[in-house]
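Chemist: What follows is query_35.cif, made up of mmCIF, C-alpha atoms and all ligand atoms:
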data_protein
loop_
_atom_site.label_atom_id
_atom_site.label_comp_id
_atom_site.auth_asym_id
_atom_site.auth_seq_id
_atom_site.Cartn_x
_atom_site.Cartn_y
_atom_site.Cartn_z
CA MET E 54 0.00 0.00 0.00
CA GLY E 55 2.50 2.59 -1.10
CA ASP E 56 4.96 3.73 1.47
CA VAL E 57 3.63 4.29 4.96
CA PRO E 58 6.49 5.94 6.84
CA TYR E 59 4.82 5.40 10.18
CA THR E 60 6.38 3.87 13.22
CA PRO E 61 4.37 2.90 16.33
CA GLU E 62 5.84 5.93 18.16
CA HIS E 63 4.76 8.25 15.40
CA THR E 64 1.19 6.93 15.37
CA PHE E 65 0.93 7.06 19.17
CA SER E 66 2.21 10.66 19.13
CA THR E 67 -0.73 11.74 16.95
CA PHE E 68 -3.25 10.78 19.67
CA PRO E 69 -3.92 12.23 23.11
CA PRO E 70 -2.08 10.06 25.66
CA PHE E 71 -3.68 7.21 27.54
CA PRO E 72 -4.48 8.74 30.94
CA ASP E 73 -2.37 8.00 34.02
CA ASP E 74 -5.25 8.07 36.48
CA VAL E 75 -7.10 4.89 35.51
CA VAL E 76 -6.46 1.42 36.91
CA THR E 77 -4.56 -0.76 34.44
CA ALA E 78 -3.96 -4.48 34.14
CA PRO E 79 -0.69 -5.84 35.53
CA LEU E 80 0.38 -7.48 32.28
CA VAL E 81 3.88 -8.90 32.05
CA THR E 82 5.95 -7.93 29.02
CA LEU E 83 7.59 -10.82 27.20
CA SER E 84 10.18 -10.23 24.52
CA LEU E 85 9.80 -12.13 21.26
CA ALA E 86 13.54 -11.75 20.63
CA LYS E 87 14.30 -13.40 23.99
CA LEU E 88 11.80 -16.18 23.32
CA GLN E 89 13.56 -16.79 20.03
CA SER E 90 17.02 -16.80 21.59
CA ALA E 91 17.04 -20.06 23.60
CA PRO E 92 15.13 -23.35 23.89
CA ALA E 93 12.02 -23.37 26.06
CA LEU E 94 13.13 -25.38 29.05
CA THR E 95 16.24 -23.29 29.76
CA ASN E 96 14.80 -19.92 28.78
CA PRO E 97 13.48 -17.70 31.63
CA GLU E 98 11.31 -15.76 29.17
CA SER E 99 9.69 -19.00 28.12
CA LEU E 100 9.00 -19.98 31.73
CA ALA E 101 7.37 -16.60 32.21
CA LEU E 102 5.18 -17.32 29.17
CA PHE E 103 4.13 -20.65 30.67
CA ASP E 104 3.32 -18.99 34.03
CA CYS E 105 1.27 -16.37 32.27
CA ALA E 106 -0.67 -18.99 30.26
CA LYS E 107 -1.66 -20.62 33.57
CA SER E 108 -2.56 -17.40 35.39
CA LEU E 109 -3.90 -14.33 33.57
CA GLY E 110 -3.71 -15.56 29.98
CA PHE E 111 -2.91 -12.04 28.71
CA PHE E 112 0.52 -10.45 28.14
CA TYR E 113 2.38 -7.85 26.11
CA LEU E 114 4.65 -9.27 23.45
CA ASP E 115 7.43 -6.80 22.72
CA MET E 116 8.18 -7.22 19.03
CA ARG E 117 11.33 -5.12 18.93
CA GLY E 118 14.69 -6.67 18.17
CA SER E 119 13.14 -9.69 16.45
CA PRO E 120 13.13 -9.67 12.63
CA GLU E 121 9.69 -11.33 12.56
CA GLY E 122 8.45 -8.97 15.27
CA GLU E 123 9.65 -5.90 13.36
CA THR E 124 7.94 -7.21 10.21
CA LEU E 125 4.72 -7.59 12.17
CA LEU E 126 4.97 -4.08 13.62
CA ASP E 127 5.50 -2.60 10.18
CA GLY E 128 2.58 -4.63 8.82
CA ALA E 129 0.35 -3.52 11.70
CA GLU E 130 1.01 0.17 10.95
CA ARG E 131 0.22 -0.40 7.27
CA LEU E 132 -2.93 -2.37 8.04
CA HIS E 133 -4.03 0.31 10.49
CA GLU E 134 -3.96 2.71 7.54
CA LEU E 135 -5.71 0.18 5.32
CA GLU E 136 -8.50 -0.46 7.80
CA LYS E 137 -9.21 3.27 8.09
CA LYS E 138 -9.53 3.40 4.31
CA PHE E 139 -11.70 0.28 4.23
CA PHE E 140 -14.17 1.64 6.78
CA ASP E 141 -14.24 4.97 4.94
CA LEU E 142 -15.42 3.27 1.73
CA SER E 143 -19.05 3.84 0.83
CA GLU E 144 -21.53 1.39 2.28
CA GLU E 145 -22.07 0.02 -1.21
CA GLU E 146 -18.37 -0.79 -1.54
CA ARG E 147 -18.13 -2.44 1.88
CA GLU E 148 -21.28 -4.38 1.05
CA VAL E 149 -19.33 -6.35 -1.59
CA SER E 150 -17.76 -8.28 1.31
CA ALA E 151 -20.85 -8.44 3.55
CA ARG E 152 -20.86 -11.57 5.67
CA GLU E 153 -24.44 -12.30 4.59
CA ARG E 154 -23.16 -12.82 1.05
CA ARG E 155 -21.10 -15.76 2.09
CA ASN E 156 -23.34 -18.68 1.22
CA ASP E 157 -20.96 -21.49 2.17
CA GLY E 158 -22.03 -21.61 5.82
CA ASN E 159 -19.05 -19.47 6.78
CA GLY E 160 -21.07 -16.30 7.39
CA TYR E 161 -18.80 -15.34 10.24
CA TYR E 162 -16.22 -13.99 7.79
CA GLY E 163 -16.64 -10.78 5.85
CA TRP E 164 -17.94 -7.32 6.77
CA LYS E 165 -20.24 -7.01 9.78
CA ARG E 166 -22.02 -3.71 9.95
CA MET E 167 -22.40 -1.95 13.31
CA GLY E 168 -25.43 -2.86 15.41
CA THR E 169 -26.12 -6.31 13.96
CA THR E 170 -25.12 -8.44 16.94
CA VAL E 171 -25.97 -8.45 20.62
CA MET E 172 -23.40 -8.06 23.37
CA ASP E 173 -25.06 -9.61 26.40
CA ARG E 174 -27.96 -11.71 27.61
CA LYS E 175 -30.14 -8.60 27.82
CA GLY E 176 -29.83 -8.14 24.07
CA THR E 177 -27.80 -4.89 24.09
CA ILE E 178 -26.84 -4.06 20.49
CA ASP E 179 -23.15 -3.85 19.61
CA ARG E 180 -21.39 -0.55 18.86
CA TYR E 181 -18.67 -1.59 16.40
CA GLU E 182 -18.17 -2.87 12.88
CA THR E 183 -15.68 -5.50 11.79
CA PHE E 184 -14.19 -6.96 8.65
CA ASN E 185 -12.97 -10.53 9.20
CA ILE E 186 -10.61 -11.65 6.43
CA LYS E 187 -10.08 -15.38 6.46
CA LYS E 188 -6.50 -16.65 6.46
CA ASP E 189 -7.49 -19.37 4.00
CA ASP E 190 -8.71 -16.75 1.52
CA ILE E 191 -5.43 -14.84 1.88
CA VAL E 192 -2.97 -17.73 1.54
CA GLY E 193 -4.98 -19.47 -1.18
CA ASN E 194 -6.48 -22.44 0.70
CA THR E 195 -10.00 -21.39 -0.38
CA ALA E 196 -11.61 -19.26 -3.07
CA PRO E 197 -11.68 -15.76 -1.55
CA LEU E 198 -14.82 -13.90 -0.61
CA PRO E 199 -15.32 -10.99 -3.03
CA ALA E 200 -13.65 -7.85 -1.67
CA PRO E 201 -13.37 -4.20 -2.68
CA LYS E 202 -10.47 -3.32 -4.98
CA LEU E 203 -8.77 -1.56 -2.06
CA VAL E 204 -8.49 -4.89 -0.24
CA ASN E 205 -7.54 -6.95 -3.29
CA ASP E 206 -4.81 -4.44 -4.14
CA ASN E 207 -3.29 -5.10 -0.70
CA MET E 208 -3.22 -8.89 -0.77
CA ARG E 209 0.58 -8.99 -0.55
CA LEU E 210 0.53 -6.91 2.59
CA LEU E 211 -2.19 -9.11 4.08
CA SER E 212 -0.35 -12.25 3.07
CA THR E 213 2.92 -11.12 4.67
CA TYR E 214 1.02 -10.15 7.81
CA VAL E 215 -0.82 -13.47 8.07
CA ARG E 216 2.31 -15.54 7.46
CA THR E 217 4.31 -13.52 9.99
CA ALA E 218 1.59 -13.59 12.66
CA HIS E 219 1.04 -17.29 12.11
CA GLY E 220 4.79 -17.95 12.38
CA ILE E 221 4.99 -16.04 15.68
CA ILE E 222 2.03 -17.99 17.00
CA ILE E 223 3.65 -21.30 16.08
CA HIS E 224 6.77 -20.15 17.91
CA LEU E 225 4.73 -19.38 21.05
CA LEU E 226 2.90 -22.71 20.74
CA ASN E 227 6.20 -24.59 20.50
CA HIS E 228 7.29 -23.01 23.79
CA LEU E 229 4.02 -23.97 25.48
CA ASN E 230 4.25 -27.45 23.96
CA ALA E 231 7.64 -27.99 25.61
CA HIS E 232 6.42 -26.91 29.05
CA LEU E 233 3.36 -29.13 28.72
CA ARG E 234 5.80 -31.99 27.95
CA LEU E 235 3.79 -32.92 24.88
CA PRO E 236 5.51 -34.75 22.00
CA PRO E 237 7.37 -32.11 19.93
CA GLY E 238 5.18 -30.41 17.35
CA THR E 239 1.84 -31.49 18.85
CA LEU E 240 0.27 -28.01 19.05
CA ALA E 241 1.94 -26.79 15.85
CA GLY E 242 0.57 -29.86 14.05
CA LEU E 243 -2.98 -28.74 14.85
CA HIS E 244 -2.35 -25.28 13.34
CA ARG E 245 -0.85 -25.82 9.89
CA LEU E 246 -0.92 -22.74 7.67
CA ASN E 247 -2.01 -24.63 4.58
CA HIS E 248 -4.94 -26.40 6.22
CA GLU E 249 -8.34 -24.78 6.58
CA SER E 250 -8.98 -23.11 9.91
CA GLY E 251 -10.84 -20.16 11.39
CA ASP E 252 -7.72 -17.98 11.52
CA HIS E 253 -8.47 -14.47 10.35
CA VAL E 254 -7.34 -10.87 10.34
CA ARG E 255 -9.94 -8.56 11.88
CA PHE E 256 -10.30 -4.88 11.14
CA LYS E 257 -12.45 -3.25 13.81
CA ARG E 258 -13.79 0.26 14.21
CA SER E 259 -16.10 1.92 16.66
CA PRO E 260 -17.26 5.53 16.53
CA ALA E 261 -16.58 7.99 19.35
CA GLN E 262 -19.19 7.44 22.04
CA ALA E 263 -20.00 8.81 25.48
CA PRO E 264 -17.50 8.01 28.26
CA GLY E 265 -18.06 4.58 29.77
CA THR E 266 -20.16 3.27 26.84
CA LEU E 267 -19.77 -0.44 26.15
CA HIS E 268 -18.50 -0.95 22.58
CA SER E 269 -17.94 -4.74 22.63
CA GLY E 270 -19.38 -7.06 25.26
CA ALA E 271 -17.53 -9.30 27.70
CA HIS E 272 -16.23 -12.43 26.02
CA THR E 273 -13.41 -14.92 25.82
CA ASP E 274 -11.76 -15.49 22.45
CA PHE E 275 -12.84 -18.75 20.79
CA GLY E 276 -9.53 -19.94 19.43
CA THR E 277 -5.89 -20.53 20.27
CA LEU E 278 -3.86 -17.29 20.55
CA THR E 279 -4.87 -13.75 19.61
CA ILE E 280 -2.43 -11.01 18.58
CA LEU E 281 -4.03 -7.60 19.09
CA PHE E 282 -2.83 -4.14 18.19
CA ASN E 283 -4.51 -1.15 19.82
CA TRP E 284 -3.52 2.48 19.47
CA LEU E 285 -6.17 3.86 21.81
CA GLY E 286 -7.29 2.49 25.17
CA GLY E 287 -10.71 1.03 25.88
CA LEU E 288 -9.88 -2.68 26.13
CA GLN E 289 -10.54 -3.96 29.62
CA LEU E 290 -10.05 -7.29 31.23
CA GLN E 291 -11.59 -8.77 34.32
CA LEU E 292 -9.02 -9.72 36.91
CA PRO E 293 -9.28 -13.32 38.14
CA GLN E 294 -9.26 -12.19 41.80
CA ASP E 295 -12.42 -12.42 43.87
CA ASP E 296 -13.61 -8.87 43.32
CA LYS E 297 -13.59 -9.43 39.52
CA GLN E 298 -12.45 -5.88 38.94
CA TRP E 299 -12.45 -4.58 35.36
CA VAL E 300 -9.17 -2.85 34.49
CA TYR E 301 -7.90 -1.15 31.34
CA VAL E 302 -5.10 -2.48 29.17
CA ARG E 303 -2.76 0.34 28.25
CA PRO E 304 -1.64 0.18 24.61
CA VAL E 305 2.17 0.17 24.35
CA PRO E 306 4.07 1.18 21.19
CA GLY E 307 6.16 -1.69 19.81
CA ALA E 308 4.22 -4.39 21.65
CA ALA E 309 1.16 -6.43 20.81
CA ILE E 310 -1.38 -7.58 23.38
CA VAL E 311 -1.53 -11.37 23.21
CA ASN E 312 -4.12 -13.56 24.86
CA LEU E 313 -5.08 -17.21 25.03
CA GLY E 314 -8.43 -18.46 23.76
CA ASP E 315 -10.85 -21.25 24.62
CA ALA E 316 -9.15 -23.89 22.45
CA LEU E 317 -6.07 -23.81 24.68
CA VAL E 318 -8.28 -24.19 27.75
CA LYS E 319 -9.89 -27.24 26.23
CA PHE E 320 -6.63 -28.78 24.99
CA THR E 321 -5.08 -28.44 28.45
CA ALA E 322 -8.18 -29.53 30.41
CA GLY E 323 -8.34 -26.17 32.14
CA LEU E 324 -4.65 -25.72 32.98
CA PHE E 325 -4.46 -22.60 30.79
CA ARG E 326 -6.68 -19.54 31.09
CA SER E 327 -8.71 -17.73 28.45
CA ASN E 328 -9.56 -14.47 30.18
CA ILE E 329 -12.75 -12.43 29.81
CA HIS E 330 -12.36 -9.01 28.22
CA ARG E 331 -14.53 -6.24 26.74
CA VAL E 332 -14.19 -2.80 25.20
CA LEU E 333 -15.46 0.52 26.56
CA SER E 334 -15.04 4.03 25.15
CA PRO E 335 -11.35 4.96 25.34
CA PRO E 336 -10.59 6.69 28.65
CA GLY E 337 -9.81 10.39 29.15
CA GLU E 338 -9.31 12.67 26.17
CA GLN E 339 -9.06 9.68 23.83
CA CYS E 340 -12.81 9.26 24.21
CA ALA E 341 -13.49 11.82 21.49
CA LEU E 342 -11.80 9.68 18.81
CA GLU E 343 -12.87 6.85 16.57
CA ARG E 344 -11.25 3.65 17.79
CA TYR E 345 -9.57 1.04 15.57
CA SER E 346 -8.18 -2.37 16.46
CA LEU E 347 -6.26 -4.84 14.36
CA VAL E 348 -6.49 -8.46 15.41
CA TYR E 349 -5.05 -11.78 14.25
CA PHE E 350 -7.01 -14.72 15.60
CA SER E 351 -5.47 -18.18 15.40
CA ARG E 352 -7.66 -21.23 15.70
CA PRO E 353 -7.14 -24.97 15.45
CA GLU E 354 -7.67 -26.50 12.01
CA ASP E 355 -11.36 -26.98 11.21
CA SER E 356 -11.50 -30.73 11.86
CA VAL E 357 -9.64 -30.66 15.21
CA LEU E 358 -11.73 -31.81 18.16
CA LEU E 359 -11.77 -29.37 21.05
CA LYS E 360 -10.98 -31.67 23.93
CA ARG E 361 -8.06 -32.46 26.21
CA LEU E 362 -4.88 -33.60 24.47
CA GLN E 363 -3.31 -36.83 25.61
CA GLY E 364 0.13 -36.81 27.17
CA GLY E 365 2.55 -34.72 29.19
CA ILE E 366 1.35 -32.88 32.25
CA ILE E 367 -2.17 -32.56 30.82
CA ASP E 368 -2.73 -36.14 31.95
CA GLU E 369 -2.36 -34.90 35.53
CA GLN E 370 -5.28 -32.47 35.16
CA PRO E 371 -8.40 -33.65 37.00
CA ARG E 372 -11.14 -35.16 34.86
CA VAL E 373 -14.48 -33.42 35.01
CA GLU E 374 -17.62 -35.49 34.71
CA GLY E 375 -19.12 -35.14 31.26
CA GLU E 376 -16.06 -33.45 29.74
CA GLU E 377 -16.10 -35.87 26.79
CA GLU E 378 -19.77 -35.16 26.05
CA GLU E 379 -20.75 -32.67 23.39
CA VAL E 380 -17.23 -32.40 21.98
CA THR E 381 -17.28 -30.26 18.83
CA ASN E 382 -14.72 -29.70 16.16
CA SER E 383 -13.07 -26.33 15.75
CA LYS E 384 -15.18 -25.18 12.81
CA GLU E 385 -18.51 -26.00 14.51
CA TRP E 386 -17.33 -24.31 17.70
CA ILE E 387 -16.44 -21.07 15.93
CA LEU E 388 -19.66 -20.91 13.95
CA ARG E 389 -21.75 -21.71 17.02
CA ARG E 390 -20.02 -19.05 19.09
CA GLY E 391 -19.62 -16.54 16.28
CA LEU E 392 -23.15 -16.61 14.90
CA ALA E 393 -25.26 -17.14 18.04
CA ASN E 394 -25.23 -13.42 18.76
CA LYS E 395 -26.78 -12.20 15.50
CA ALA E 396 -29.36 -9.55 16.37
CA ASP E 397 -32.07 -10.70 13.95
CA ASN E 398 -34.40 -13.28 15.49
CA TRP E 399 -32.32 -13.14 18.65
CA THR E 400 -33.51 -14.73 21.91
CA PRO E 401 -31.76 -15.05 25.31
CA ASP E 402 -31.72 -18.79 24.70
CA LYS E 403 -29.51 -18.27 21.65
CA TRP E 404 -27.12 -16.23 23.78
CA ASP E 405 -26.68 -19.20 26.11
CA LYS E 406 -25.86 -21.45 23.15
CA GLY E 407 -23.04 -19.14 22.11
CA ARG E 408 -21.14 -19.25 25.39
CA GLY E 409 -17.55 -20.46 25.61
CA THR E 410 -15.37 -21.49 28.50
CA GLU E 411 -16.46 -18.60 30.72
CA GLY E 412 -18.49 -20.97 32.92
CA ASP E 413 -19.28 -19.34 36.25
CA ARG E 414 -17.04 -16.46 35.24
CA ASP E 415 -19.75 -15.30 32.82
CA PRO E 416 -20.84 -11.81 33.94
O1 LIG S 1 -11.02 -3.98 20.18
C1 LIG S 1 -10.26 -4.52 20.98
O2 LIG S 1 -9.33 -3.92 21.50
C2 LIG S 1 -10.48 -5.95 21.40
C3 LIG S 1 -11.15 -6.76 20.36
C4 LIG S 1 -11.51 -8.13 20.82
O3 LIG S 1 -11.43 -8.48 21.97
C5 LIG S 1 -12.01 -9.08 19.83
O4 LIG S 1 -12.26 -8.67 18.68
O5 LIG S 1 -12.16 -10.28 20.18
FE FE S 2 -11.54 -10.64 22.11
#
How does this structure look as structure tokens?
Modeler:
Amino acid sequence: MGDVPYTPEHTFSTFPPFPDDVVTAPLVTLSLAKLQSAPALTNPESLALFDCAKSLGFFYLDMRGSPEGETLLDGAERLHELEKKFFDLSEEEREVSARERRNDGNGYYGWKRMGTTVMDRKGTIDRYETFNIKKDDIVGNTAPLPAPKLVNDNMRLLSTYVRTAHGIIIHLLNHLNAHLRLPPGTLAGLHRLNHESGDHVRFKRSPAQAPGTLHSGAHTDFGTLTILFNWLGGLQLQLPQDDKQWVYVRPVPGAAIVNLGDALVKFTAGLFRSNIHRVLSPPGEQCALERYSLVYFSRPEDSVLLKRLQGGIIDEQPRVEGEEEEVTNSKEWILRRGLANKADNWTPDKWDKGRGTEGDRDP
């Protein structure tokens, strides 16, 4: 997309700062370069990753000093520009990629206009729009959903981004695999780039709204690992402690926010945590601005069953009665969770069907 001379620092400097007087999440910062520098079992950074997967399930991943990390940062700045342009297209142009047009049962991918899903059991209507671009469409595993010229002209950028994000995710999974004492390559083998999966790039925008307005409802992510770039605040997570306090996640230039999703909870029989999060209007002066996010969601390949993996320390996890009942594969899980919240013909009963691993954590 032409030359975007932006660095994360530059982009951050164009916005009012994230305020200092709000409570923020105590996320650890892990360095991708350090994770890449030594094998898992002798690498303190890797042990910190394992601890985090078992406790909060959210961390900053500092991308600096790693060639793959720097490529991702550059791609994120470029895609931030591209998503602004995409959402500024006329409705008619965005409509080309409308999720309703996807008639292959994959109606979770494509453009979702604002206000077409519900965010809670009361039926509160969402306050954001998204464009989910399927990894399989980008790397050529499937025939792509029609897209505006703007998007098609940027396929190389999207392809580099997807391949880089996917590679970083495989690297993180290999670390976790080692600590779980699973046979080498077990997790990576469930997330092969050239096999169909629910991985996608998400563009997300919400308009400026009153302070404290809920933009996206409380949820856990459905899949494996999520790599999120934010430039403005607004993301909150609910601390696991008893008081279940909601705290903001401060966006940090040069770092992505990474979190674990439900698939990793299921694979590890509850050893890992997929934490609840939501989005409110950005705090302080940032509230007056439109808010964009850029997300890469990784998910197990479509046919993978979402249940405990055999082997390693997972075998030591207690068995819960009924845990082998109603096991779904990854594709069914995503579509069930992703489409249960459509606002048309919505009922509270449908909301219940779309729940993930929140269990009694569900607000
Ligand atoms: O907009 C954000 O910062 C978070 C987005 C998110 O949690 C999601 O799309 O699953
Ligand atoms: Fe999320």
Chemist: Can you tell me, as a list of chain:residue names, which residues sit within 8 Å of (-4.5, 9.0, 19.3) in the file's frame, using only C-alpha atoms?
Modeler: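 Residues close enough to count: E:Thr64, E:Phe65, E:Ser66, E:Thr67, E:Phe68, E:Pro69, E:Pro70, E:Trp284, E:Leu285, E:Gln339, E:Leu342.
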Chemist: Mind dumping a table of every chain E residue within 7 Å of ligand FE 2 (chain S), with the nearest atom pair and its distance in Å to one decimal, using all atoms listed in the file, sorted by chain and rising number, as JSON lines?
Modeler:
{"residue": "E:His272", "atom": "CA", "partner": "S:FE2", "partner_atom": "FE", "distance": 6.4}
{"residue": "E:Thr273", "atom": "CA", "partner": "S:FE2", "partner_atom": "FE", "distance": 6.0}
{"residue": "E:Asp274", "atom": "CA", "partner": "S:FE2", "partner_atom": "FE", "distance": 4.9}
{"residue": "E:His330", "atom": "CA", "partner": "S:FE2", "partner_atom": "FE", "distance": 6.4}
Chemist: Write out as a PyMOL selection string each polymer residue whose atoms come within 7 Å of range 260-268 of chain E, counting only C-alpha atoms; drop sequence neighbours fewer than 5 positions from it.
Modeler: chain E and resi 179-181+332-334+340-344
Chemist: Keeping C-alpha atoms, export the residues of the selection given above as a PDB file, keeping the file's coordinate frame.
Modeler:
ATOM      1  CA  ASP E 179     -23.150  -3.850  19.610  1.00  0.00           C
ATOM      2  CA  ARG E 180     -21.390  -0.550  18.860  1.00  0.00           C
ATOM      3  CA  TYR E 181     -18.670  -1.590  16.400  1.00  0.00           C
ATOM      4  CA  VAL E 332     -14.190  -2.800  25.200  1.00  0.00           C
ATOM      5  CA  LEU E 333     -15.460   0.520  26.560  1.00  0.00           C
ATOM      6  CA  SER E 334     -15.040   4.030  25.150  1.00  0.00           C
ATOM      7  CA  CYS E 340     -12.810   9.260  24.210  1.00  0.00           C
ATOM      8  CA  ALA E 341     -13.490  11.820  21.490  1.00  0.00           C
ATOM      9  CA  LEU E 342     -11.800   9.680  18.810  1.00  0.00           C
ATOM     10  CA  GLU E 343     -12.870   6.850  16.570  1.00  0.00           C
ATOM     11  CA  ARG E 344     -11.250   3.650  17.790  1.00  0.00           C
TER      12      ARG E 344
END
Chemist: List all protein, DNA and RNA residues that have an atom no more than 7 Å from any atom of ligand LIG 1 (chain S), counting only C-alpha atoms and all ligand atoms, and report them as a PyMOL selection string.
Modeler: chain E and resi 257+274+281+283+287-288+330-332+345-346+348
Chemist: Closest to Trp404 in chain E among E:Gly242, E:Gly176, E:Gly193, E:Gly307, using only C-alpha atoms?
Modeler: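 Of E:Gly242, E:Gly176, E:Gly193, E:Gly307, the one nearest Trp404 in chain E, counting only C-alpha atoms, is E:Gly176.
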Chemist: Distance CA of His224 in chain E-CA of Glu377 in chain E, one decimal place?
Modeler: 29.1 Å
Chemist: Could you check which residues have any atom within 9 Å of (-4.9, -12.9, 34.7), counting only C-alpha atoms with coordinates taken straight from the file, and then list them as a PDB file with C-alpha atoms, in the coordinates of the input?
Modeler:
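For reference, out_32.pdb as written:
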ATOM      1  CA  ALA E  78      -3.960  -4.480  34.140  1.00  0.00           C
ATOM      2  CA  PRO E  79      -0.690  -5.840  35.530  1.00  0.00           C
ATOM      3  CA  LEU E  80       0.380  -7.480  32.280  1.00  0.00           C
ATOM      4  CA  CYS E 105       1.270 -16.370  32.270  1.00  0.00           C
ATOM      5  CA  ALA E 106      -0.670 -18.990  30.260  1.00  0.00           C
ATOM      6  CA  LYS E 107      -1.660 -20.620  33.570  1.00  0.00           C
ATOM      7  CA  SER E 108      -2.560 -17.400  35.390  1.00  0.00           C
ATOM      8  CA  LEU E 109      -3.900 -14.330  33.570  1.00  0.00           C
ATOM      9  CA  GLY E 110      -3.710 -15.560  29.980  1.00  0.00           C
ATOM     10  CA  PHE E 111      -2.910 -12.040  28.710  1.00  0.00           C
ATOM     11  CA  PHE E 112       0.520 -10.450  28.140  1.00  0.00           C
ATOM     12  CA  LEU E 290     -10.050  -7.290  31.230  1.00  0.00           C
ATOM     13  CA  GLN E 291     -11.590  -8.770  34.320  1.00  0.00           C
ATOM     14  CA  LEU E 292      -9.020  -9.720  36.910  1.00  0.00           C
ATOM     15  CA  PRO E 293      -9.280 -13.320  38.140  1.00  0.00           C
ATOM     16  CA  GLN E 294      -9.260 -12.190  41.800  1.00  0.00           C
ATOM     17  CA  ARG E 326      -6.680 -19.540  31.090  1.00  0.00           C
ATOM     18  CA  SER E 327      -8.710 -17.730  28.450  1.00  0.00           C
ATOM     19  CA  ASN E 328      -9.560 -14.470  30.180  1.00  0.00           C
TER      20      ASN E 328
END
Chemist: Tell me, as number ranges by chain, which residues lie within 10 Å of range 369-376 of chain E, counting only C-alpha atoms; anything in the same chain fewer than 5 positions away does not count.
Modeler: E: 319, 321-324, 360-361, 364
Chemist: E:Ala309, E:Ala91, E:Ala200, E:Leu347: which is nearest Arg155 in chain E, counting all atoms listed in the file?
Modeler: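 Counting all atoms listed in the file, the residue closest to Arg155 in chain E is E:Ala200.
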Chemist: Here is a test: counting only C-alpha atoms, which residue of E:Ile366, E:Leu198, E:Leu211, E:Leu114 is nearest to Leu85 in chain E?
Modeler: E:Leu114
Chemist: Would you mind listing, for every residue of range 183-203 of chain E within 12 Å of range 161-165 of chain E, the two atoms forming the shortest contact and the distance between them in Å to one decimal, using only C-alpha atoms, sorted by chain and ascending residue number, as CSV?
Modeler:
residue,atom,partner,partner_atom,distance
E:Thr183,CA,E:Lys165,CA,5.2
E:Phe184,CA,E:Trp164,CA,4.2
E:Asn185,CA,E:Tyr162,CA,5.0
E:Ile186,CA,E:Gly163,CA,6.1
E:Lys187,CA,E:Tyr162,CA,6.4
E:Lys188,CA,E:Tyr162,CA,10.2
E:Asp189,CA,E:Tyr162,CA,10.9
E:Asp190,CA,E:Tyr162,CA,10.2
E:Pro197,CA,E:Gly163,CA,10.2
E:Leu198,CA,E:Gly163,CA,7.4
E:Pro199,CA,E:Gly163,CA,9.0
E:Ala200,CA,E:Gly163,CA,8.6
E:Pro201,CA,E:Trp164,CA,11.0
Chemist: Print the selection's residues with C-alpha atoms to a file, as an mmCIF file, in the coordinates of the input.
Modeler:
data_model
loop_
_atom_site.group_PDB
_atom_site.id
_atom_site.type_symbol
_atom_site.label_atom_id
_atom_site.label_comp_id
_atom_site.auth_asym_id
_atom_site.auth_seq_id
_atom_site.Cartn_x
_atom_site.Cartn_y
_atom_site.Cartn_z
ATOM 1 C CA THR E 183 -15.680 -5.500 11.790
ATOM 2 C CA PHE E 184 -14.190 -6.960 8.650
ATOM 3 C CA ASN E 185 -12.970 -10.530 9.200
ATOM 4 C CA ILE E 186 -10.610 -11.650 6.430
ATOM 5 C CA LYS E 187 -10.080 -15.380 6.460
ATOM 6 C CA LYS E 188 -6.500 -16.650 6.460
ATOM 7 C CA ASP E 189 -7.490 -19.370 4.000
ATOM 8 C CA ASP E 190 -8.710 -16.750 1.520
ATOM 9 C CA PRO E 197 -11.680 -15.760 -1.550
ATOM 10 C CA LEU E 198 -14.820 -13.900 -0.610
ATOM 11 C CA PRO E 199 -15.320 -10.990 -3.030
ATOM 12 C CA ALA E 200 -13.650 -7.850 -1.670
ATOM 13 C CA PRO E 201 -13.370 -4.200 -2.680
#
Chemist: Considering only C-alpha atoms, give me a table of residues in range 284-357 of chain E that are at most 10 Å from range 384-397 of chain E, with the closest atom pair and distance in Å for each, as CSV.
Modeler:
residue,atom,partner,partner_atom,distance
E:Asp315,CA,E:Trp386,CA,10.0
E:Ala316,CA,E:Trp386,CA,9.5
E:Arg352,CA,E:Ile387,CA,8.8
E:Pro353,CA,E:Lys384,CA,8.5
E:Glu354,CA,E:Lys384,CA,7.7
E:Asp355,CA,E:Lys384,CA,4.5
E:Ser356,CA,E:Lys384,CA,6.7
E:Val357,CA,E:Lys384,CA,8.2
Chemist: How far is it from CA of Thr60 in chain E to CA of Tyr301 in chain E, in Å with one decimal?
Modeler: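 Rounded to one decimal, the two atoms are 23.6 Å apart.
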Chemist: From the list E:Leu235, E:Ala129, E:Val305, E:Leu229, which residue is nearest Leu317 in chain E when using only C-alpha atoms?
Modeler: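 Between E:Leu235, E:Ala129, E:Val305, E:Leu229, the residue approaching Leu317 in chain E most closely is E:Leu229.
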Chemist: What's the 10 Å shell around Ile221 in chain E, counting all atoms listed in the file, without same-chain residues fewer than 6 positions away, as a list in words?
Modeler: Leu85, Gln89, Met116, Glu121, Gly122, Leu125, Val215, Asn227 and Ile280 of chain E
Chemist: Kindly export the residues of the current selection with C-alpha atoms, as a PDB file, keeping the file's coordinate frame.
Modeler:
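Okay, this is what ended up in result_18.pdb:
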ATOM      1  CA  LEU E  85       9.800 -12.130  21.260  1.00  0.00           C
ATOM      2  CA  GLN E  89      13.560 -16.790  20.030  1.00  0.00           C
ATOM      3  CA  MET E 116       8.180  -7.220  19.030  1.00  0.00           C
ATOM      4  CA  GLU E 121       9.690 -11.330  12.560  1.00  0.00           C
ATOM      5  CA  GLY E 122       8.450  -8.970  15.270  1.00  0.00           C
ATOM      6  CA  LEU E 125       4.720  -7.590  12.170  1.00  0.00           C
ATOM      7  CA  VAL E 215      -0.820 -13.470   8.070  1.00  0.00           C
ATOM      8  CA  ASN E 227       6.200 -24.590  20.500  1.00  0.00           C
ATOM      9  CA  ILE E 280      -2.430 -11.010  18.580  1.00  0.00           C
TER      10      ILE E 280
END
